[in-house]
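Source file: start_12.txt (compact mmCIF, C-alpha atoms)
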```txt
# COMPACT_ATOMS: atom_id res chain seq x y z
CA MET A 1 125.90 97.31 189.39
CA SER A 2 125.33 100.94 188.44
CA GLY A 3 122.95 101.26 191.42
CA ILE A 4 125.72 100.20 193.79
CA GLN A 5 128.15 102.56 192.03
CA ASN A 6 125.66 105.42 192.50
CA ILE A 7 125.40 104.77 196.22
CA VAL A 8 129.18 104.42 196.64
CA SER A 9 129.90 107.50 194.54
CA GLU A 10 127.62 109.55 196.75
CA TYR A 11 130.19 109.15 199.52
CA ILE A 12 133.36 108.91 197.42
CA PRO A 13 133.48 112.01 195.18
CA PHE A 14 136.09 110.80 192.68
CA LEU A 15 133.88 107.84 191.77
CA ARG A 16 131.05 110.18 190.78
CA LYS A 17 130.28 110.08 187.09
CA LYS A 18 130.69 113.49 185.50
CA PRO A 19 127.43 114.66 183.98
CA SER A 20 127.70 114.45 180.20
CA LEU A 21 125.96 117.03 178.04
CA THR A 22 124.91 116.83 174.43
CA ARG A 23 126.19 119.54 172.08
CA ASP A 24 122.80 121.22 172.22
CA GLN A 25 122.73 121.21 176.02
CA ALA A 26 126.31 122.50 176.15
CA LEU A 27 125.39 125.39 173.85
CA ARG A 28 122.52 126.30 176.20
CA THR A 29 124.70 126.48 179.33
CA ARG A 30 125.45 129.96 180.63
CA PRO A 31 129.04 130.59 181.75
CA VAL A 32 129.42 132.73 184.83
CA GLN A 33 132.60 134.31 186.17
CA ASN A 34 133.97 133.05 189.47
CA PRO A 35 132.75 135.75 191.91
CA LEU A 36 135.91 135.37 194.05
CA LEU A 37 138.04 136.68 191.21
CA GLU A 38 139.02 140.29 190.74
CA TRP A 39 139.59 141.58 187.26
CA GLU A 40 140.35 144.88 185.63
CA LYS A 41 140.16 146.21 182.12
CA ALA A 42 143.06 148.18 180.65
CA ASP A 43 142.67 151.10 178.19
CA THR A 44 143.59 148.69 175.39
CA GLY A 45 140.53 146.60 176.27
CA ASP A 46 142.60 143.68 177.54
CA ILE A 47 141.42 142.18 180.81
CA THR A 48 143.70 141.10 183.64
CA LEU A 49 142.40 138.47 186.01
CA LYS A 50 143.79 138.47 189.54
CA ILE A 51 143.76 134.97 190.97
CA PRO A 52 144.32 134.69 194.71
CA ARG A 53 147.09 132.32 195.71
CA ARG A 54 146.45 129.25 197.83
CA LYS A 55 146.32 130.04 201.53
CA ASP A 56 147.58 126.70 202.88
CA LEU A 57 150.74 126.43 204.96
CA THR A 58 153.04 125.35 202.09
CA ALA A 59 151.86 128.19 199.90
CA ARG A 60 152.26 130.69 202.74
CA ILE A 61 155.82 129.51 203.43
CA LEU A 62 156.79 129.53 199.75
CA SER A 63 155.30 132.95 199.15
CA ARG A 64 157.16 134.26 202.21
CA ILE A 65 160.47 132.80 200.94
CA PHE A 66 160.06 134.02 197.37
CA GLN A 67 158.19 137.19 198.32
CA ALA A 68 155.46 136.29 195.88
CA PRO A 69 152.50 138.64 195.61
CA GLY A 70 149.17 137.60 197.09
CA HIS A 71 147.71 136.84 193.71
CA LYS A 72 148.81 135.79 190.24
CA GLU A 73 147.71 137.58 187.12
CA ILE A 74 146.43 136.26 183.84
CA VAL A 75 146.19 138.75 180.97
CA LEU A 76 143.52 137.86 178.43
CA ASP A 77 143.95 138.90 174.81
CA GLN A 78 141.41 140.96 172.88
CA VAL A 79 139.14 138.07 171.93
CA GLY A 80 139.52 136.41 175.33
CA SER A 81 138.55 139.66 177.05
CA TYR A 82 135.52 140.04 174.79
CA ILE A 83 134.31 136.57 175.72
CA TRP A 84 135.14 137.02 179.41
CA GLU A 85 132.85 140.03 179.67
CA MET A 86 129.99 137.97 178.30
CA CYS A 87 130.46 135.28 180.97
CA ASP A 88 127.85 136.97 183.17
CA GLY A 89 125.43 134.10 183.66
CA LYS A 90 122.98 135.73 181.25
CA HIS A 91 124.56 134.84 177.92
CA SER A 92 124.43 131.23 176.77
CA VAL A 93 127.44 129.62 175.10
CA GLU A 94 125.51 129.77 171.85
CA SER A 95 124.89 133.51 172.13
CA ILE A 96 128.59 134.04 172.95
CA VAL A 97 129.53 132.03 169.85
CA MET A 98 127.14 134.05 167.68
CA ALA A 99 128.33 137.40 169.07
CA THR A 100 132.04 136.49 168.69
CA SER A 101 131.42 135.19 165.20
CA ARG A 102 129.74 138.48 164.23
CA GLU A 103 132.32 140.68 165.96
CA TYR A 104 135.40 138.98 164.50
CA LYS A 105 133.85 137.70 161.26
CA LEU A 106 134.66 134.07 161.96
CA THR A 107 132.71 131.21 160.47
CA ARG A 108 130.25 129.64 162.87
CA ARG A 109 132.12 126.34 163.08
CA GLU A 110 135.55 127.92 163.63
CA CYS A 111 134.11 130.20 166.27
CA GLU A 112 132.23 127.44 168.08
CA THR A 113 135.37 125.31 168.30
CA SER A 114 137.54 128.16 169.59
CA VAL A 115 134.99 129.51 172.07
CA ALA A 116 134.25 126.01 173.40
CA MET A 117 137.97 125.28 173.90
CA TYR A 118 138.50 128.64 175.59
CA LEU A 119 135.51 128.25 177.92
CA LYS A 120 136.60 124.70 178.76
CA MET A 121 140.04 126.03 179.67
CA LEU A 122 138.48 128.74 181.87
CA GLY A 123 136.24 126.11 183.43
CA ASP A 124 139.13 123.70 184.10
CA ARG A 125 140.98 126.51 185.89
CA LYS A 126 137.82 127.29 187.87
CA LEU A 127 137.71 130.83 186.49
CA VAL A 128 134.17 130.31 185.24
CA GLY A 129 131.33 128.00 186.14
CA PHE A 130 128.44 126.90 183.96
CA ARG A 131 124.77 127.27 184.69
CA VAL A 132 122.85 124.40 183.13
CA GLY A 133 119.22 124.68 182.05
CA GLY A 134 117.06 127.47 180.67
CA SER A 135 115.94 128.20 177.16
CA ARG A 136 118.32 128.77 174.25
CA LYS A 137 119.17 132.45 173.94
CA LYS A 138 119.64 133.64 170.39
CA MET B 139 132.13 131.13 140.88
CA SER B 140 129.36 132.94 142.68
CA ALA B 141 126.83 131.76 145.20
CA LYS B 142 123.69 133.47 146.47
CA SER B 143 124.49 135.52 149.61
CA THR B 144 122.63 132.98 151.75
CA ASN B 145 124.67 130.14 150.26
CA THR B 146 128.33 129.26 150.10
CA TRP B 147 130.60 126.92 148.18
CA VAL B 148 132.34 123.94 149.70
CA GLY B 149 134.91 122.12 147.61
CA TRP B 150 137.62 119.53 148.06
CA GLN B 151 139.79 117.89 145.40
CA GLY B 152 137.87 119.70 142.67
CA ILE B 153 134.41 118.51 143.73
CA VAL B 154 132.30 121.51 144.69
CA ALA B 155 128.79 121.98 146.01
CA GLU B 156 126.68 124.97 146.88
CA VAL B 157 125.30 124.71 150.41
CA PRO B 158 123.53 127.04 152.87
CA ALA B 159 125.92 129.71 154.24
CA ASP B 160 125.98 128.29 157.79
CA TRP B 161 127.11 124.84 156.61
CA SER B 162 130.81 124.09 156.81
CA LEU B 163 133.32 121.39 156.01
CA ALA B 164 133.49 118.94 158.89
CA ALA B 165 135.65 116.14 157.48
CA ALA B 166 137.81 115.59 154.42
CA SER B 167 140.11 112.76 153.49
CA GLY B 168 141.72 110.98 150.56
CA ASP B 169 143.13 112.30 147.32
CA GLU B 170 141.90 112.93 143.81
CA LYS B 171 141.62 109.18 143.13
CA SER B 172 139.46 108.32 146.09
CA GLY B 173 138.26 110.42 148.94
CA TYR B 174 135.42 111.74 151.01
CA PHE B 175 134.15 114.96 152.48
CA ARG B 176 131.29 115.87 154.77
CA VAL B 177 129.66 119.24 155.20
CA ASP B 178 127.59 119.75 158.36
CA SER B 179 124.79 122.16 159.03
CA THR B 180 124.49 123.77 162.45
CA GLY B 181 121.73 121.24 163.12
CA SER B 182 121.57 117.58 162.09
CA LEU B 183 121.64 117.89 158.29
CA ALA B 184 124.78 116.92 156.40
CA LEU B 185 126.04 116.56 152.86
CA GLU B 186 128.42 113.69 152.22
CA VAL B 187 130.35 113.14 149.00
CA LYS B 188 132.52 110.10 148.26
CA TRP B 189 134.47 109.45 145.09
CA SER B 190 136.75 106.83 143.64
CA LYS B 191 138.58 106.30 140.36
CA VAL B 192 137.05 103.54 138.24
CA GLY B 193 137.71 101.72 134.99
CA LYS B 194 135.75 102.25 131.81
CA GLN B 195 132.94 99.78 132.58
CA VAL B 196 131.05 100.64 135.74
CA ASP B 197 127.79 99.12 136.88
CA LEU B 198 126.22 101.95 138.85
CA TYR B 199 123.46 99.74 140.24
CA ALA B 200 126.04 97.26 141.55
CA GLN B 201 128.05 100.08 143.16
CA LEU B 202 124.94 101.52 144.77
CA GLY B 203 123.82 98.03 145.84
CA ASN B 204 127.12 97.52 147.69
CA TYR B 205 126.79 100.87 149.42
CA LEU B 206 123.20 100.26 150.53
CA ASP B 207 124.00 96.68 151.64
CA ASP B 208 126.72 98.10 153.85
CA LEU B 209 124.25 100.55 155.40
CA ARG B 210 121.69 97.77 155.85
CA ARG B 211 124.24 95.63 157.72
CA LYS B 212 125.04 98.55 160.05
CA ALA B 213 121.31 99.15 160.66
CA ARG B 214 120.75 95.45 161.39
CA LYS B 215 123.50 95.54 164.02
CA LYS B 216 121.65 98.39 165.71
CA LYS B 217 118.36 96.42 165.33
CA LEU B 218 116.83 99.12 163.14
CA ASN B 219 114.53 98.84 160.17
CA PHE B 220 116.19 99.81 156.91
CA ASP B 221 114.13 100.99 153.95
CA GLN B 222 115.60 101.92 150.61
CA LYS B 223 114.40 103.07 147.21
CA ILE B 224 116.46 103.13 144.04
CA LYS B 225 115.10 105.29 141.29
CA SER B 226 115.79 104.79 137.62
CA LYS B 227 118.70 106.44 135.86
CA GLU B 228 118.09 110.07 134.96
CA GLY B 229 120.73 111.95 133.00
CA GLY B 230 123.35 109.29 133.78
CA ALA B 231 122.79 109.39 137.55
CA VAL B 232 121.01 106.88 139.77
CA SER B 233 118.98 108.47 142.56
CA PHE B 234 118.24 106.77 145.85
CA THR B 235 116.74 107.28 149.29
CA TRP B 236 117.14 105.31 152.50
CA ARG B 237 115.77 105.50 155.99
CA ALA B 238 116.98 103.95 159.27
CA ASP B 239 117.75 106.01 162.39
CA ARG B 240 118.53 108.81 159.88
CA LYS B 241 117.19 109.36 156.42
CA ALA B 242 118.96 110.38 153.25
CA GLN B 243 118.47 111.28 149.63
CA GLY B 244 121.33 110.97 147.20
CA LYS B 245 122.61 110.19 143.77
CA LEU B 246 125.42 108.23 142.17
CA TRP B 247 127.04 108.95 138.83
CA VAL B 248 130.15 108.43 136.78
CA CYS B 249 132.06 111.34 135.32
CA GLU B 250 133.48 110.39 131.93
CA ASP B 251 135.94 113.33 132.01
CA CYS B 252 137.56 112.80 135.39
CA GLY B 253 136.96 109.02 135.44
CA ARG B 254 135.50 109.00 138.93
CA VAL B 255 132.35 107.45 140.34
CA ILE B 256 130.77 109.88 142.78
CA ILE B 257 128.16 109.21 145.40
CA ALA B 258 126.56 112.20 147.12
CA GLN B 259 123.82 112.28 149.70
CA VAL B 260 122.08 114.71 152.01
CA SER B 261 121.15 113.07 155.30
CA GLY B 262 119.34 114.19 158.42
CA GLU B 263 117.15 113.21 161.32
CA PRO B 264 113.73 111.75 160.46
CA SER B 265 112.15 115.12 161.30
CA ASP B 266 114.44 117.08 158.91
CA ASP B 267 113.28 118.28 155.52
CA VAL B 268 115.96 116.27 153.73
CA SER B 269 114.14 116.06 150.41
CA ASN B 270 113.84 119.83 150.05
CA ILE B 271 117.52 120.51 150.84
CA ALA B 272 118.72 117.58 148.71
CA SER B 273 116.70 118.73 145.73
CA TRP B 274 118.66 121.99 145.51
CA VAL B 275 122.07 120.97 146.94
CA LEU B 276 122.64 117.79 144.89
CA PRO B 277 122.18 119.42 141.44
CA THR B 278 124.81 122.07 142.33
CA ILE B 279 127.58 119.47 142.71
CA GLU B 280 130.31 119.78 140.07
CA ASP B 281 133.00 117.12 139.91
CA HIS B 282 135.55 118.84 137.70
CA SER B 283 136.26 122.17 136.07
CA GLU B 284 136.47 122.80 132.34
CA ASP B 285 140.10 123.98 132.42
CA GLY B 286 141.66 121.35 134.69
CA TRP B 287 142.13 123.67 137.67
CA ARG B 288 140.91 122.09 140.89
CA THR B 289 138.65 124.04 143.24
CA TRP B 290 139.08 124.13 147.01
CA ALA B 291 136.42 125.95 149.00
CA LEU B 292 136.30 125.87 152.77
CA TYR B 293 135.72 128.29 155.62
CA GLU B 294 135.44 131.37 153.38
CA LEU B 295 138.52 130.50 151.32
CA ILE B 296 137.89 129.72 147.68
CA ALA B 297 140.99 128.89 145.66
CA GLU B 298 142.03 126.80 142.70
CA SER B 299 145.12 124.67 142.25
CA PRO B 300 146.70 124.48 138.79
CA PRO B 301 146.62 121.26 136.74
CA GLY B 302 149.27 118.77 137.85
CA TYR B 303 149.52 120.13 141.40
CA ARG B 304 148.64 117.61 144.11
CA LEU B 305 147.68 118.40 147.67
CA GLU B 306 150.74 117.57 149.73
CA LYS B 307 149.66 118.82 153.14
CA GLN B 308 146.72 120.54 154.73
CA ARG B 309 146.33 122.31 158.06
CA LEU B 310 142.75 123.07 158.97
CA LEU B 311 142.88 124.84 162.30
CA SER B 312 140.42 127.18 163.89
CA GLY B 313 141.46 130.57 162.49
CA TYR B 314 144.14 129.22 160.15
CA ILE B 315 143.96 127.23 156.94
CA GLN B 316 146.96 126.11 154.92
CA LEU B 317 146.84 124.10 151.72
CA THR B 318 150.21 123.03 150.29
CA PHE B 319 150.42 121.69 146.75
CA ARG B 320 153.35 120.20 144.89
CA LYS B 321 154.23 119.50 141.30
CA GLY B 322 157.76 118.13 141.04
CA VAL B 323 160.05 120.67 142.66
CA ASN B 324 157.43 123.45 142.53
CA ARG B 325 155.50 124.16 145.70
CA LEU B 326 152.40 126.26 146.13
CA VAL B 327 151.12 127.35 149.54
CA ILE B 328 147.71 128.97 149.93
CA GLU B 329 146.92 130.30 153.40
CA ARG B 330 144.11 132.07 155.19
CA TRP B 331 144.28 133.52 158.70
CA GLY B 332 141.26 134.71 160.67
CA LEU B 333 141.11 137.60 163.17
CA ALA B 334 143.21 139.94 161.02
CA ASN B 335 142.41 142.95 163.20
CA VAL B 336 143.71 141.12 166.28
CA ALA B 337 146.79 139.66 164.55
CA LEU B 338 147.81 142.99 163.04
CA ARG B 339 146.94 145.14 166.05
CA ASN B 340 150.58 145.73 167.02
CA ALA B 341 152.35 144.78 163.79
CA ASP B 342 152.42 145.81 160.18
CA LEU B 343 151.59 143.29 157.49
CA LYS B 344 155.18 143.05 156.19
CA ASP B 345 156.74 142.10 159.55
CA TRP B 346 153.84 139.86 160.44
CA TYR B 347 153.94 137.99 157.14
CA GLU B 348 157.73 137.62 157.15
CA ASP B 349 157.41 136.04 160.59
CA ARG B 350 154.61 133.66 159.51
CA ALA B 351 156.32 132.60 156.26
CA ALA B 352 159.85 132.55 157.69
CA VAL B 353 160.31 128.81 157.06
CA ASP B 354 159.96 129.34 153.31
CA LEU B 355 161.37 132.85 153.03
CA ARG B 356 164.69 132.25 154.78
CA ALA B 357 166.09 130.30 151.82
CA PHE B 358 165.60 133.32 149.53
CA ASN B 359 167.00 136.79 148.97
CA TYR B 360 163.79 138.71 148.47
CA SER B 361 162.25 142.14 148.24
CA VAL B 362 158.85 143.16 149.57
CA ASP B 363 156.73 145.80 147.87
CA PRO B 364 153.40 147.17 149.01
CA VAL B 365 150.58 146.39 146.59
CA ASP B 366 146.99 147.50 146.46
CA PHE B 367 144.65 144.57 145.77
CA GLU B 368 141.50 146.31 144.56
CA GLY B 369 141.50 148.57 147.59
CA GLU B 370 142.81 145.95 150.04
CA PRO B 371 146.27 146.58 151.53
CA GLY B 372 148.74 143.91 150.52
CA LEU B 373 152.30 143.08 149.60
CA ALA B 374 154.17 141.31 146.85
CA VAL B 375 157.32 139.32 147.56
CA LYS B 376 159.76 138.43 144.80
CA GLY B 377 162.97 136.57 145.41
CA ARG B 378 165.67 134.21 144.29
CA MET B 379 167.21 131.41 146.27
CA SER B 380 170.26 132.52 148.27
CA VAL B 381 173.66 131.02 147.40
CA PRO B 382 174.00 128.89 150.58
CA ALA B 383 170.47 127.50 150.16
CA LEU B 384 171.10 126.88 146.49
CA ALA B 385 174.29 124.99 147.33
CA ILE B 386 172.34 122.63 149.58
CA ARG B 387 168.89 122.37 148.01
CA GLY B 388 169.95 123.05 144.44
CA LEU B 389 172.57 120.31 144.51
CA ARG B 390 170.00 117.84 145.78
CA GLU B 391 167.71 118.65 142.85
CA LEU B 392 170.55 118.61 140.32
CA LEU B 393 171.50 115.12 141.47
CA THR B 394 168.03 114.00 140.44
CA PHE B 395 168.35 115.87 137.10
CA ARG B 396 165.70 118.42 138.02
CA LYS B 397 165.94 122.18 137.88
CA PRO B 398 165.69 123.55 141.42
CA ALA B 399 162.82 125.85 142.39
CA ILE B 400 164.98 128.92 142.79
CA HIS B 401 162.26 131.56 142.36
CA LEU B 402 159.93 132.87 145.02
CA THR B 403 156.72 134.71 144.24
CA ALA B 404 154.33 135.50 147.06
CA TYR B 405 151.38 137.75 147.71
CA ALA B 406 149.61 138.51 150.97
CA TRP B 407 146.73 140.84 151.60
CA VAL B 408 144.28 141.84 154.26
CA CYS B 409 140.63 141.42 153.36
CA GLU B 410 139.02 143.98 155.62
CA SER B 411 135.45 142.99 154.82
CA THR B 412 136.03 139.42 156.06
CA ASN B 413 138.70 140.34 158.65
CA LYS B 414 141.14 137.81 157.22
CA VAL B 415 144.66 137.69 155.81
CA PHE B 416 145.19 135.68 152.64
CA SER B 417 148.43 134.53 151.09
CA VAL B 418 149.57 132.78 147.93
CA ARG B 419 153.20 131.72 147.99
CA MET B 420 155.04 129.84 145.32
CA MET B 421 158.55 128.43 145.18
CA HIS B 422 159.04 127.60 141.54
CA THR B 423 161.30 127.17 138.54
CA ALA B 424 161.42 129.91 135.92
CA ALA B 425 159.13 127.91 133.64
CA GLU B 426 156.44 127.51 136.31
CA SER B 427 155.65 131.16 136.81
CA ILE B 428 151.90 130.88 137.50
CA ALA B 429 151.57 132.52 140.90
CA ASP B 430 149.72 135.47 139.37
CA GLU B 431 147.18 133.14 137.83
CA VAL B 432 146.66 131.34 141.15
CA LEU B 433 146.23 134.73 142.81
CA GLU B 434 143.57 135.72 140.29
CA ARG B 435 141.56 132.64 141.25
CA VAL B 436 141.54 133.19 145.01
CA GLU B 437 138.26 134.64 146.25
CA CYS B 438 138.38 136.28 149.63
CA HIS B 439 134.89 137.79 149.71
```
Can you give me the file's structure in the form of structure tokens?
Amino acid sequence: MSGIQNIVSEYIPFLRKKPSLTRDQALRTRPVQNPLLEWEKADTGDITLKIPRRKDLTARILSRIFQAPGHKEIVLDQVGSYIWEMCDGKHSVESIVMATSREYKLTRRECETSVAMYLKMLGDRKLVGFRVGGSRKK
Amino acid sequence: MSAKSTNTWVGWQGIVAEVPADWSLAAASGDEKSGYFRVDSTGSLALEVKWSKVGKQVDLYAQLGNYLDDLRRKARKKKLNFDQKIKSKEGGAVSFTWRADRKAQGKLWVCEDCGRVIIAQVSGEPSDDVSNIASWVLPTIEDHSEDGWRTWALYELIAESPPGYRLEKQRLLSGYIQLTFRKGVNRLVIERWGLANVALRNADLKDWYEDRAAVDLRAFNYSVDPVDFEGEPGLAVKGRMSVPALAIRGLRELLTFRKPAIHLTAYAWVCESTNKVFSVRMMHTAAESIADEVLERVECH
């Protein structure tokens, strides 16, 4: 049955099973910023992400009517900005957790939970991607 | 209470254990009569402690037999071999080991003073050095204090609740811990916030704390004074219930023939070395003025 599902899912994307990672594998992934995004760092250290708006017809019409700018902005807070800068494809999730834990004096468990939730949120919004594989970076 | 710098204390409902510094509380449930907590390492090792109130006559071997039978049944369902060893009683405690898909070493004992039977075990993967960790973690477990105060130690907060105070509510969030205790009309709230430097970047402690504790503070007329806590910046809040609040809450208490908790005593301070804000807040009757003693027993670093 799963063989048939595999064949079908090859042609129907929403039937594809999402790859599941163990905690250890997830900690070894390396988040990388979406290269299509522009971002800038303010003097305060806070980072502003500039996300381009959709370019389809509806979006073009709506942005014309409401005179919306060509991009929307997301301002990251101090901790969010610190993590964002480490999403360079070189740092593993584990090394980001360790660095954040040291920088902000958080316990390992608290930090791992918060960083994982934050990276998941960035991933869900397609602001970062995750490179899987490679050795664990301490 | 002091632990080696590479170790830390974890405690729940007065049962405390010294564990490696990177271990942390992963689950806690129940009350002082029966409950459970688990402390996880960053790897696969874990300390589990379970307790329950018992009568005077307790057959430890029977209790342990039930526990191991339960584990054996679970292993059989998974079609795993289950090996167990029960060692003879030493100093009132029965030691045991078991092995299935994981392995564990533990002990079971009855505390005559607090009337609880406690089972504690360190478990891990077959490749883990369980025996070595268990041999130093298990002897550090204390099930009650000498003076009746109950220890709570989690995520770099070590505090004690006074005798008679029961945990009413807990909030264990990433970056924020709140333990609320109650004894009659008296309420004690112990809090710990992480990321103090971020939280207080654009605010002073007084405004920030008044905002965080607004739910409790709004019923009181209070004054806030800056206090120096051994070099840490802090504040002391003293207050009395406002007339409108007293008319509503006080009447409710008077109807049940209890004196209302009309006094407010609170302390908050920034621990710069751990980058955290701590708070002890008490809404109490005049007779229950023990906030200072609670404060003395909070360890922030």
Only residues of chain A matter here; which ones have an atom within 10 Å of chain B, counting only C-alpha atoms? Give them as a VMD selection string.
chain A and resid 24 77 to 79 103 to 114
Go through A:Ile83, A:Ile47, A:Ile65, A:Ala59 and flag the residue nearest Ala116 (chain A), using all atoms listed in the file for the distances.
A:Ile83
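Each of B:Phe234, B:Tyr174, B:Tyr205, B:Ser417 was compared to Ala297 (chain B) using all atoms listed in the file, and B:Ser417 turns out to be the nearest.
Compared by their closest atoms to Met420 (chain B), and using only C-alpha atoms, the residues B:Asn359, B:Thr394, B:Asn204, B:Thr403 rank with B:Thr403 nearest.
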Please provide the set of residues having any atom within 9 Å of region 33-43 of chain A, restricted to all atoms listed in the file, with same-chain residues fewer than 2 positions apart removed, written as a list in words.
Pro31, Gly45, Asp46, Ile47, Thr48, Leu49, Lys50, Ile51, Pro52, Ser81, Trp84, Glu85, Cys87, Asp88, Gly89, Lys126, Leu127, Val128, Gly129 and Phe130 of chain A
Polymer residues at most 12 Å from Met86 (chain A), all atoms listed in the file, same-chain spacing of 5 or more positions, as an MDAnalysis selection string
chainID A and resid 30:33 79:81 91:100 115 119 128
When distances are computed from all atoms listed in the file, which of A:Leu76, A:Lys90, A:Ile7, A:Leu57 shows the smallest separation from Leu122 (chain A)?
A:Leu76
So, with only C-alpha atoms as the atoms that count, which of B:Val157, B:Lys217, B:Glu329, B:Gly377 lies closest to Ile315 (chain B)?
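Going through B:Val157, B:Lys217, B:Glu329, B:Gly377 one by one, the smallest distance to Ile315 (chain B) is for B:Glu329.
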With distances taken over all atoms listed in the file, which of B:Ile153, B:Leu292, B:Val268, B:Leu326 is nearest to Arg254 (chain B)?
B:Ile153
Identify the residues around (115.4, 100.6, 156.2) within a radius of 10 Å, measuring from only C-alpha atoms in the coordinates stated by the file, and give them as a list in words.
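Final list of nearby residues, as requested, is Leu206, Leu209, Arg210, Ala213, Arg214, Leu218, Asn219, Phe220, Asp221, Gln222, Lys223, Thr235, Trp236, Arg237, Ala238, Asp239, Arg240 and Lys241 of chain B.
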Could you take the residues named above and write them with C-alpha atoms, as a CSV table (one decimal), in the frame of the given file?
```csv
chain,number,residue,atom,x,y,z
B,206,LEU,CA,123.2,100.3,150.5
B,209,LEU,CA,124.2,100.6,155.4
B,210,ARG,CA,121.7,97.8,155.8
B,213,ALA,CA,121.3,99.2,160.7
B,214,ARG,CA,120.8,95.4,161.4
B,218,LEU,CA,116.8,99.1,163.1
B,219,ASN,CA,114.5,98.8,160.2
B,220,PHE,CA,116.2,99.8,156.9
B,221,ASP,CA,114.1,101.0,154.0
B,222,GLN,CA,115.6,101.9,150.6
B,223,LYS,CA,114.4,103.1,147.2
B,235,THR,CA,116.7,107.3,149.3
B,236,TRP,CA,117.1,105.3,152.5
B,237,ARG,CA,115.8,105.5,156.0
B,238,ALA,CA,117.0,104.0,159.3
B,239,ASP,CA,117.8,106.0,162.4
B,240,ARG,CA,118.5,108.8,159.9
B,241,LYS,CA,117.2,109.4,156.4
```
Generate N, CA, C and O atoms for region 52-64 of chain A and emit them as an mmCIF file, in the coordinates of the input.
```
data_model
loop_
_atom_site.group_PDB
_atom_site.id
_atom_site.type_symbol
_atom_site.label_atom_id
_atom_site.label_comp_id
_atom_site.auth_asym_id
_atom_site.auth_seq_id
_atom_site.Cartn_x
_atom_site.Cartn_y
_atom_site.Cartn_z
ATOM 1 N N PRO A 52 143.680 134.787 193.388
ATOM 2 C CA PRO A 52 144.320 134.690 194.710
ATOM 3 C C PRO A 52 145.127 133.405 194.835
ATOM 4 O O PRO A 52 144.725 132.368 194.321
ATOM 5 N N ARG A 53 146.269 133.518 195.512
ATOM 6 C CA ARG A 53 147.090 132.320 195.710
ATOM 7 C C ARG A 53 146.490 131.449 196.801
ATOM 8 O O ARG A 53 145.685 131.927 197.616
ATOM 9 N N ARG A 54 146.918 130.173 196.795
ATOM 10 C CA ARG A 54 146.450 129.250 197.830
ATOM 11 C C ARG A 54 146.852 129.795 199.208
ATOM 12 O O ARG A 54 147.875 130.444 199.343
ATOM 13 N N LYS A 55 146.034 129.504 200.192
ATOM 14 C CA LYS A 55 146.320 130.040 201.530
ATOM 15 C C LYS A 55 146.806 128.965 202.486
ATOM 16 O O LYS A 55 146.872 129.186 203.687
ATOM 17 N N ASP A 56 147.135 127.769 201.965
ATOM 18 C CA ASP A 56 147.580 126.700 202.880
ATOM 19 C C ASP A 56 149.008 126.981 203.380
ATOM 20 O O ASP A 56 149.668 127.918 202.913
ATOM 21 N N LEU A 57 149.464 126.169 204.299
ATOM 22 C CA LEU A 57 150.740 126.430 204.960
ATOM 23 C C LEU A 57 151.905 126.442 203.965
ATOM 24 O O LEU A 57 152.731 127.356 203.986
ATOM 25 N N THR A 58 151.934 125.447 203.065
ATOM 26 C CA THR A 58 153.040 125.350 202.090
ATOM 27 C C THR A 58 153.084 126.612 201.239
ATOM 28 O O THR A 58 154.144 127.198 201.016
ATOM 29 N N ALA A 59 151.907 127.014 200.771
ATOM 30 C CA ALA A 59 151.860 128.190 199.900
ATOM 31 C C ALA A 59 152.301 129.432 200.655
ATOM 32 O O ALA A 59 152.999 130.286 200.102
ATOM 33 N N ARG A 60 151.892 129.510 201.937
ATOM 34 C CA ARG A 60 152.260 130.690 202.740
ATOM 35 C C ARG A 60 153.773 130.743 202.940
ATOM 36 O O ARG A 60 154.394 131.793 202.819
ATOM 37 N N ILE A 61 154.363 129.562 203.207
ATOM 38 C CA ILE A 61 155.820 129.510 203.430
ATOM 39 C C ILE A 61 156.559 129.886 202.139
ATOM 40 O O ILE A 61 157.455 130.718 202.143
ATOM 41 N N LEU A 62 156.112 129.269 201.030
ATOM 42 C CA LEU A 62 156.790 129.530 199.750
ATOM 43 C C LEU A 62 156.653 130.993 199.336
ATOM 44 O O LEU A 62 157.608 131.607 198.856
ATOM 45 N N SER A 63 155.472 131.546 199.562
ATOM 46 C CA SER A 63 155.300 132.950 199.150
ATOM 47 C C SER A 63 156.103 133.887 200.042
ATOM 48 O O SER A 63 156.545 134.951 199.606
ATOM 49 N N ARG A 64 156.319 133.468 201.301
ATOM 50 C CA ARG A 64 157.160 134.260 202.210
ATOM 51 C C ARG A 64 158.616 134.212 201.730
ATOM 52 O O ARG A 64 159.293 135.235 201.647
#
```
